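**Q** This is the structure I have questions about; it appears just below.
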Amino acid sequence: MTRGKIPSDGRPPKDIYYLNIAKAVAQRSPCIRRRFGAIIVKDDAIVSTGYNGPARGSINCNEVGCLKDIMNLPSYSGYDYCPAVHAEENALLNAARQGSSVIGGVLYLYGEKVDGNITEEGRPCDRCKRALINAGIKEVVTLKPDGSVKRYRVSDWAKEDAENYLRMLEEEKRKQKEK
């Protein structure tokens with residue numbers, strides 16, 4: 001994963017360094033479809049990690065099978081049929097369990113299909129975006145399938161979320177009128 005320009009001292013750039021750690025965290029995921037790992041960095045120190053998996057003490061899909069696979073549901077849908085807590089949520093929850101502030105932190109997110117291919121969707125879902133906004137995370141850094149780094153400003157997501165909601169609300173009102 002160490003794409004991009006490597007400095008003459010051979011050390012990977014900080015974003016790649018942290019994304020490599022997030023990749024290692026993702027390997028703990030019991031999901032049989034996609035693995036995600038997240039780390040939260042504040043003041044150049046890792047304050048929390050998380051990977052996608054079921055609630056503590058619950059059943060793992062890798063033990064019994066995946067309901068979303070059986071139902072042929074695409075990624076970023078069917079959350080009611082999946083017992084997983086997302087990597088971003090787990091990183092936030094693990095920080096809270098330890099009493100660590102994440103306000104102003106950067107979340108590094110690595111995602112891959114179980115076959116090891118980096119997913120195009122290596123980005124937070126809408127539910128996680130809302131959690132990251134409310135937690136005070138300032139930026140999310142991911143890796144695109146071509147190996148380049150992608151940065152998201154979390155402050156942009158609140159406006160996008162409001163616009164999406166208003167658009168869906170208007171569409172539904174229009175549909176109701178047409179009935």
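Going through the structure tokens in order, the chains are called A, B, and so on, while each chain numbers its residues from 1 and the ligands are numbered from 1 in the order shown.
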Need the shell around Asp126 of chain A: protein/DNA/RNA residues with any atom at most 10 Å away, counting only C-alpha atoms. Skip same-chain ones fewer than 4 positions apart. Format as a list in words?
**A**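 Residues meeting the cut-off are Tyr76, Arg130, Ala131, Leu132, Trp157 and Asp161 of chain A.
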**Q** In chain A, what's alpha helix (DSSP H) per DSSP? Answer as a ChimeraX atom specification?
**A** /A:14-26,61-64,67-70,87-98,126-135,155-178
**Q** Work out how far atom CA of Ser100 of chain A is from atom CA of Ala22 of chain A, in Å to one decimal.
**A**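 Between atom CA of Ala22 of chain A and atom CA of Ser100 of chain A the gap is 18.3 Å.
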**Q** I'd like the contact shell of segment 81-83 of chain A - 12 Å cut-off, only C-alpha atoms, skipping same-chain residues fewer than 5 positions apart - returned as a PyMOL selection string.
**A** chain A and resi 30-33+52-62+64-76
**Q** Would you mind exporting N, CA and C atoms of the selected residues as a PDB file, in the first residue's frame?
**A**
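As a result, part_30.pdb now contains:
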ATOM      1  N   PRO A  30     -14.460  -9.824  11.526  1.00  0.00           N
ATOM      2  CA  PRO A  30     -14.991 -11.140  11.200  1.00  0.00           C
ATOM      3  C   PRO A  30     -15.968 -11.118  10.020  1.00  0.00           C
ATOM      4  N   CYS A  31     -16.135  -9.959   9.373  1.00  0.00           N
ATOM      5  CA  CYS A  31     -17.063  -9.851   8.249  1.00  0.00           C
ATOM      6  C   CYS A  31     -16.564 -10.708   7.091  1.00  0.00           C
ATOM      7  N   ILE A  32     -17.471 -11.433   6.451  1.00  0.00           N
ATOM      8  CA  ILE A  32     -17.066 -12.298   5.345  1.00  0.00           C
ATOM      9  C   ILE A  32     -17.215 -11.608   3.991  1.00  0.00           C
ATOM     10  N   ARG A  33     -17.673 -10.346   3.999  1.00  0.00           N
ATOM     11  CA  ARG A  33     -17.806  -9.589   2.746  1.00  0.00           C
ATOM     12  C   ARG A  33     -16.710  -8.530   2.602  1.00  0.00           C
ATOM     13  N   ASN A  52     -14.939  -3.278  11.755  1.00  0.00           N
ATOM     14  CA  ASN A  52     -16.350  -3.651  11.630  1.00  0.00           C
ATOM     15  C   ASN A  52     -16.554  -5.070  12.145  1.00  0.00           C
ATOM     16  N   GLY A  53     -17.554  -5.198  12.987  1.00  0.00           N
ATOM     17  CA  GLY A  53     -17.897  -6.491  13.557  1.00  0.00           C
ATOM     18  C   GLY A  53     -19.093  -6.349  14.471  1.00  0.00           C
ATOM     19  N   PRO A  54     -19.674  -7.463  14.891  1.00  0.00           N
ATOM     20  CA  PRO A  54     -20.881  -7.407  15.713  1.00  0.00           C
ATOM     21  C   PRO A  54     -20.598  -6.849  17.111  1.00  0.00           C
ATOM     22  N   ALA A  55     -21.667  -6.545  17.804  1.00  0.00           N
ATOM     23  CA  ALA A  55     -21.558  -6.070  19.180  1.00  0.00           C
ATOM     24  C   ALA A  55     -20.807  -7.101  20.022  1.00  0.00           C
ATOM     25  N   ARG A  56     -20.121  -6.615  21.034  1.00  0.00           N
ATOM     26  CA  ARG A  56     -19.354  -7.503  21.916  1.00  0.00           C
ATOM     27  C   ARG A  56     -20.244  -8.633  22.436  1.00  0.00           C
ATOM     28  N   GLY A  57     -19.760  -9.851  22.313  1.00  0.00           N
ATOM     29  CA  GLY A  57     -20.480 -11.013  22.819  1.00  0.00           C
ATOM     30  C   GLY A  57     -21.559 -11.536  21.890  1.00  0.00           C
ATOM     31  N   SER A  58     -21.781 -10.870  20.754  1.00  0.00           N
ATOM     32  CA  SER A  58     -22.797 -11.324  19.804  1.00  0.00           C
ATOM     33  C   SER A  58     -22.175 -12.318  18.833  1.00  0.00           C
ATOM     34  N   ILE A  59     -22.970 -12.785  17.897  1.00  0.00           N
ATOM     35  CA  ILE A  59     -22.505 -13.804  16.957  1.00  0.00           C
ATOM     36  C   ILE A  59     -21.796 -13.149  15.768  1.00  0.00           C
ATOM     37  N   ASN A  60     -20.776 -13.803  15.260  1.00  0.00           N
ATOM     38  CA  ASN A  60     -20.032 -13.327  14.102  1.00  0.00           C
ATOM     39  C   ASN A  60     -20.549 -13.992  12.828  1.00  0.00           C
ATOM     40  N   CYS A  61     -20.636 -13.226  11.754  1.00  0.00           N
ATOM     41  CA  CYS A  61     -21.078 -13.776  10.470  1.00  0.00           C
ATOM     42  C   CYS A  61     -20.150 -14.884   9.986  1.00  0.00           C
ATOM     43  N   ASN A  62     -18.871 -14.765  10.290  1.00  0.00           N
ATOM     44  CA  ASN A  62     -17.950 -15.797   9.820  1.00  0.00           C
ATOM     45  C   ASN A  62     -18.189 -17.134  10.536  1.00  0.00           C
ATOM     46  N   VAL A  64     -21.582 -18.173  11.196  1.00  0.00           N
ATOM     47  CA  VAL A  64     -22.900 -18.688  10.812  1.00  0.00           C
ATOM     48  C   VAL A  64     -23.339 -18.315   9.402  1.00  0.00           C
ATOM     49  N   GLY A  65     -22.682 -17.376   8.761  1.00  0.00           N
ATOM     50  CA  GLY A  65     -23.095 -16.941   7.433  1.00  0.00           C
ATOM     51  C   GLY A  65     -23.597 -15.507   7.455  1.00  0.00           C
ATOM     52  N   CYS A  66     -23.759 -14.966   6.265  1.00  0.00           N
ATOM     53  CA  CYS A  66     -24.123 -13.558   6.111  1.00  0.00           C
ATOM     54  C   CYS A  66     -25.523 -13.430   5.524  1.00  0.00           C
ATOM     55  N   LEU A  67     -26.417 -12.843   6.275  1.00  0.00           N
ATOM     56  CA  LEU A  67     -27.788 -12.630   5.824  1.00  0.00           C
ATOM     57  C   LEU A  67     -27.828 -11.708   4.605  1.00  0.00           C
ATOM     58  N   LYS A  68     -26.983 -10.688   4.576  1.00  0.00           N
ATOM     59  CA  LYS A  68     -26.960  -9.784   3.421  1.00  0.00           C
ATOM     60  C   LYS A  68     -26.528 -10.523   2.149  1.00  0.00           C
ATOM     61  N   ASP A  69     -25.616 -11.480   2.273  1.00  0.00           N
ATOM     62  CA  ASP A  69     -25.230 -12.285   1.111  1.00  0.00           C
ATOM     63  C   ASP A  69     -26.403 -13.129   0.635  1.00  0.00           C
ATOM     64  N   ILE A  70     -27.090 -13.773   1.566  1.00  0.00           N
ATOM     65  CA  ILE A  70     -28.229 -14.620   1.211  1.00  0.00           C
ATOM     66  C   ILE A  70     -29.317 -13.797   0.524  1.00  0.00           C
ATOM     67  N   MET A  71     -29.524 -12.564   1.005  1.00  0.00           N
ATOM     68  CA  MET A  71     -30.545 -11.679   0.433  1.00  0.00           C
ATOM     69  C   MET A  71     -30.029 -10.922  -0.787  1.00  0.00           C
ATOM     70  N   ASN A  72     -28.738 -11.109  -1.133  1.00  0.00           N
ATOM     71  CA  ASN A  72     -28.104 -10.441  -2.263  1.00  0.00           C
ATOM     72  C   ASN A  72     -28.232  -8.916  -2.177  1.00  0.00           C
ATOM     73  N   LEU A  73     -27.978  -8.377  -0.990  1.00  0.00           N
ATOM     74  CA  LEU A  73     -28.063  -6.933  -0.781  1.00  0.00           C
ATOM     75  C   LEU A  73     -26.722  -6.285  -1.092  1.00  0.00           C
ATOM     76  N   PRO A  74     -26.748  -5.145  -1.758  1.00  0.00           N
ATOM     77  CA  PRO A  74     -25.485  -4.471  -2.081  1.00  0.00           C
ATOM     78  C   PRO A  74     -24.876  -3.819  -0.842  1.00  0.00           C
ATOM     79  N   SER A  75     -23.601  -3.492  -0.962  1.00  0.00           N
ATOM     80  CA  SER A  75     -22.924  -2.765   0.101  1.00  0.00           C
ATOM     81  C   SER A  75     -23.607  -1.421   0.306  1.00  0.00           C
ATOM     82  N   TYR A  76     -23.460  -0.861   1.481  1.00  0.00           N
ATOM     83  CA  TYR A  76     -24.065   0.415   1.864  1.00  0.00           C
ATOM     84  C   TYR A  76     -25.592   0.357   1.823  1.00  0.00           C
TER      85      TYR A  76
END
**Q** Grab the atom CA of Asp80 of chain A to atom CA of Glu160 of chain A distance for me, in Å with one decimal place.
**A**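 Between atom CA of Asp80 of chain A and atom CA of Glu160 of chain A the gap is 23.4 Å.
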**Q** Can you pull out every residue within 10 Å of Ile103 of chain A, counting only C-alpha atoms, but drop anything in the same chain fewer than 4 positions away, and send it as a PyMOL selection string?
**A** chain A and resi 42+132-138
**Q** Only N, CA and C atoms, please: the residues just picked out, written as a PDB file, in the first residue's frame.
**A**
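selection13.pdb, written as the output of this step:
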ATOM      1  N   LYS A  42      -4.978  12.052  17.023  1.00  0.00           N
ATOM      2  CA  LYS A  42      -5.108  13.411  17.549  1.00  0.00           C
ATOM      3  C   LYS A  42      -3.738  13.855  18.021  1.00  0.00           C
ATOM      4  N   LEU A 132     -19.533  10.809  13.063  1.00  0.00           N
ATOM      5  CA  LEU A 132     -18.258  11.527  13.012  1.00  0.00           C
ATOM      6  C   LEU A 132     -18.456  13.032  13.147  1.00  0.00           C
ATOM      7  N   ILE A 133     -19.518  13.553  12.536  1.00  0.00           N
ATOM      8  CA  ILE A 133     -19.844  14.975  12.685  1.00  0.00           C
ATOM      9  C   ILE A 133     -20.063  15.288  14.157  1.00  0.00           C
ATOM     10  N   ASN A 134     -20.937  14.511  14.801  1.00  0.00           N
ATOM     11  CA  ASN A 134     -21.293  14.790  16.199  1.00  0.00           C
ATOM     12  C   ASN A 134     -20.142  14.554  17.165  1.00  0.00           C
ATOM     13  N   ALA A 135     -19.214  13.666  16.812  1.00  0.00           N
ATOM     14  CA  ALA A 135     -18.074  13.393  17.689  1.00  0.00           C
ATOM     15  C   ALA A 135     -17.001  14.474  17.603  1.00  0.00           C
ATOM     16  N   GLY A 136     -17.063  15.299  16.567  1.00  0.00           N
ATOM     17  CA  GLY A 136     -16.071  16.365  16.430  1.00  0.00           C
ATOM     18  C   GLY A 136     -14.836  15.992  15.629  1.00  0.00           C
ATOM     19  N   ILE A 137     -14.907  14.891  14.880  1.00  0.00           N
ATOM     20  CA  ILE A 137     -13.795  14.532  13.992  1.00  0.00           C
ATOM     21  C   ILE A 137     -13.709  15.601  12.905  1.00  0.00           C
ATOM     22  N   LYS A 138     -12.506  16.074  12.604  1.00  0.00           N
ATOM     23  CA  LYS A 138     -12.390  17.163  11.623  1.00  0.00           C
ATOM     24  C   LYS A 138     -12.135  16.672  10.207  1.00  0.00           C
TER      25      LYS A 138
END
**Q** Among segment 2-173 of chain A, which ones does DSSP place in strand (DSSP E or B), written as a ChimeraX atom specification?
**A** /A:34-42,45-51,53-54,84-85,106-113,118,139-143,149-153
**Q** Show me a table, sorted first by chain and then by increasing residue number, of the residues of segment 16-62 of chain A having an atom at most 10 Å from segment 141-150 of chain A, each with its shortest atom pair and the distance in Å to one decimal, counting only C-alpha atoms and written as CSV.
**A**
residue,atom,partner,partner_atom,distance
A:Ile16,CA,A:Val149,CA,7.9
A:Tyr18,CA,A:Val141,CA,9.3
A:Leu19,CA,A:Thr142,CA,7.3
A:Asn20,CA,A:Leu143,CA,10.0
A:Ala22,CA,A:Thr142,CA,9.6
A:Ala38,CA,A:Thr142,CA,9.5
**Q** What lies within 8 Å of segment 93-95 of chain A using only C-alpha atoms, ignoring chain neighbours under 6 positions off, as a PDB file with all heavy atoms, in the first residue's frame?
**A**
ATOM      1  N   VAL A  47      -5.378   7.589  19.263  1.00  0.00           N
ATOM      2  CA  VAL A  47      -6.173   7.574  20.495  1.00  0.00           C
ATOM      3  C   VAL A  47      -7.187   6.442  20.511  1.00  0.00           C
ATOM      4  O   VAL A  47      -7.701   6.098  21.577  1.00  0.00           O
ATOM      5  CB  VAL A  47      -6.872   8.929  20.758  1.00  0.00           C
ATOM      6  CG1 VAL A  47      -5.855  10.030  20.987  1.00  0.00           C
ATOM      7  CG2 VAL A  47      -7.827   9.305  19.647  1.00  0.00           C
ATOM      8  N   SER A  48      -7.477   5.840  19.339  1.00  0.00           N
ATOM      9  CA  SER A  48      -8.449   4.757  19.321  1.00  0.00           C
ATOM     10  C   SER A  48      -8.376   4.006  18.001  1.00  0.00           C
ATOM     11  O   SER A  48      -7.917   4.547  16.995  1.00  0.00           O
ATOM     12  CB  SER A  48      -9.866   5.313  19.517  1.00  0.00           C
ATOM     13  OG  SER A  48     -10.802   4.266  19.651  1.00  0.00           O
ATOM     14  N   THR A  49      -8.853   2.767  18.033  1.00  0.00           N
ATOM     15  CA  THR A  49      -8.968   1.950  16.825  1.00  0.00           C
ATOM     16  C   THR A  49     -10.328   1.265  16.835  1.00  0.00           C
ATOM     17  O   THR A  49     -10.973   1.139  17.880  1.00  0.00           O
ATOM     18  CB  THR A  49      -7.871   0.867  16.749  1.00  0.00           C
ATOM     19  OG1 THR A  49      -8.094  -0.099  17.782  1.00  0.00           O
ATOM     20  CG2 THR A  49      -6.482   1.458  16.877  1.00  0.00           C
ATOM     21  N   GLY A  50     -10.746   0.801  15.676  1.00  0.00           N
ATOM     22  CA  GLY A  50     -11.982   0.027  15.578  1.00  0.00           C
ATOM     23  C   GLY A  50     -12.047  -0.697  14.245  1.00  0.00           C
ATOM     24  O   GLY A  50     -11.455  -0.261  13.264  1.00  0.00           O
ATOM     25  N   SER A 101     -10.760  11.960  24.360  1.00  0.00           N
ATOM     26  CA  SER A 101     -11.435  12.926  23.501  1.00  0.00           C
ATOM     27  C   SER A 101     -10.981  12.729  22.056  1.00  0.00           C
ATOM     28  O   SER A 101      -9.800  12.534  21.784  1.00  0.00           O
ATOM     29  CB  SER A 101     -11.106  14.354  23.935  1.00  0.00           C
ATOM     30  OG  SER A 101     -11.613  15.281  22.999  1.00  0.00           O
ATOM     31  N   VAL A 102     -11.941  12.806  21.141  1.00  0.00           N
ATOM     32  CA  VAL A 102     -11.622  12.711  19.717  1.00  0.00           C
ATOM     33  C   VAL A 102     -11.886  14.043  19.004  1.00  0.00           C
ATOM     34  O   VAL A 102     -11.693  14.141  17.792  1.00  0.00           O
ATOM     35  CB  VAL A 102     -12.401  11.573  19.029  1.00  0.00           C
ATOM     36  CG1 VAL A 102     -12.037  10.233  19.645  1.00  0.00           C
ATOM     37  CG2 VAL A 102     -13.897  11.820  19.093  1.00  0.00           C
TER      38      VAL A 102
END
**Q** State, in Å with one decimal place, the distance from atom CA of Ile40 of chain A to atom CA of Gly105 of chain A.
**A**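 A separation of 6.3 Å between them.
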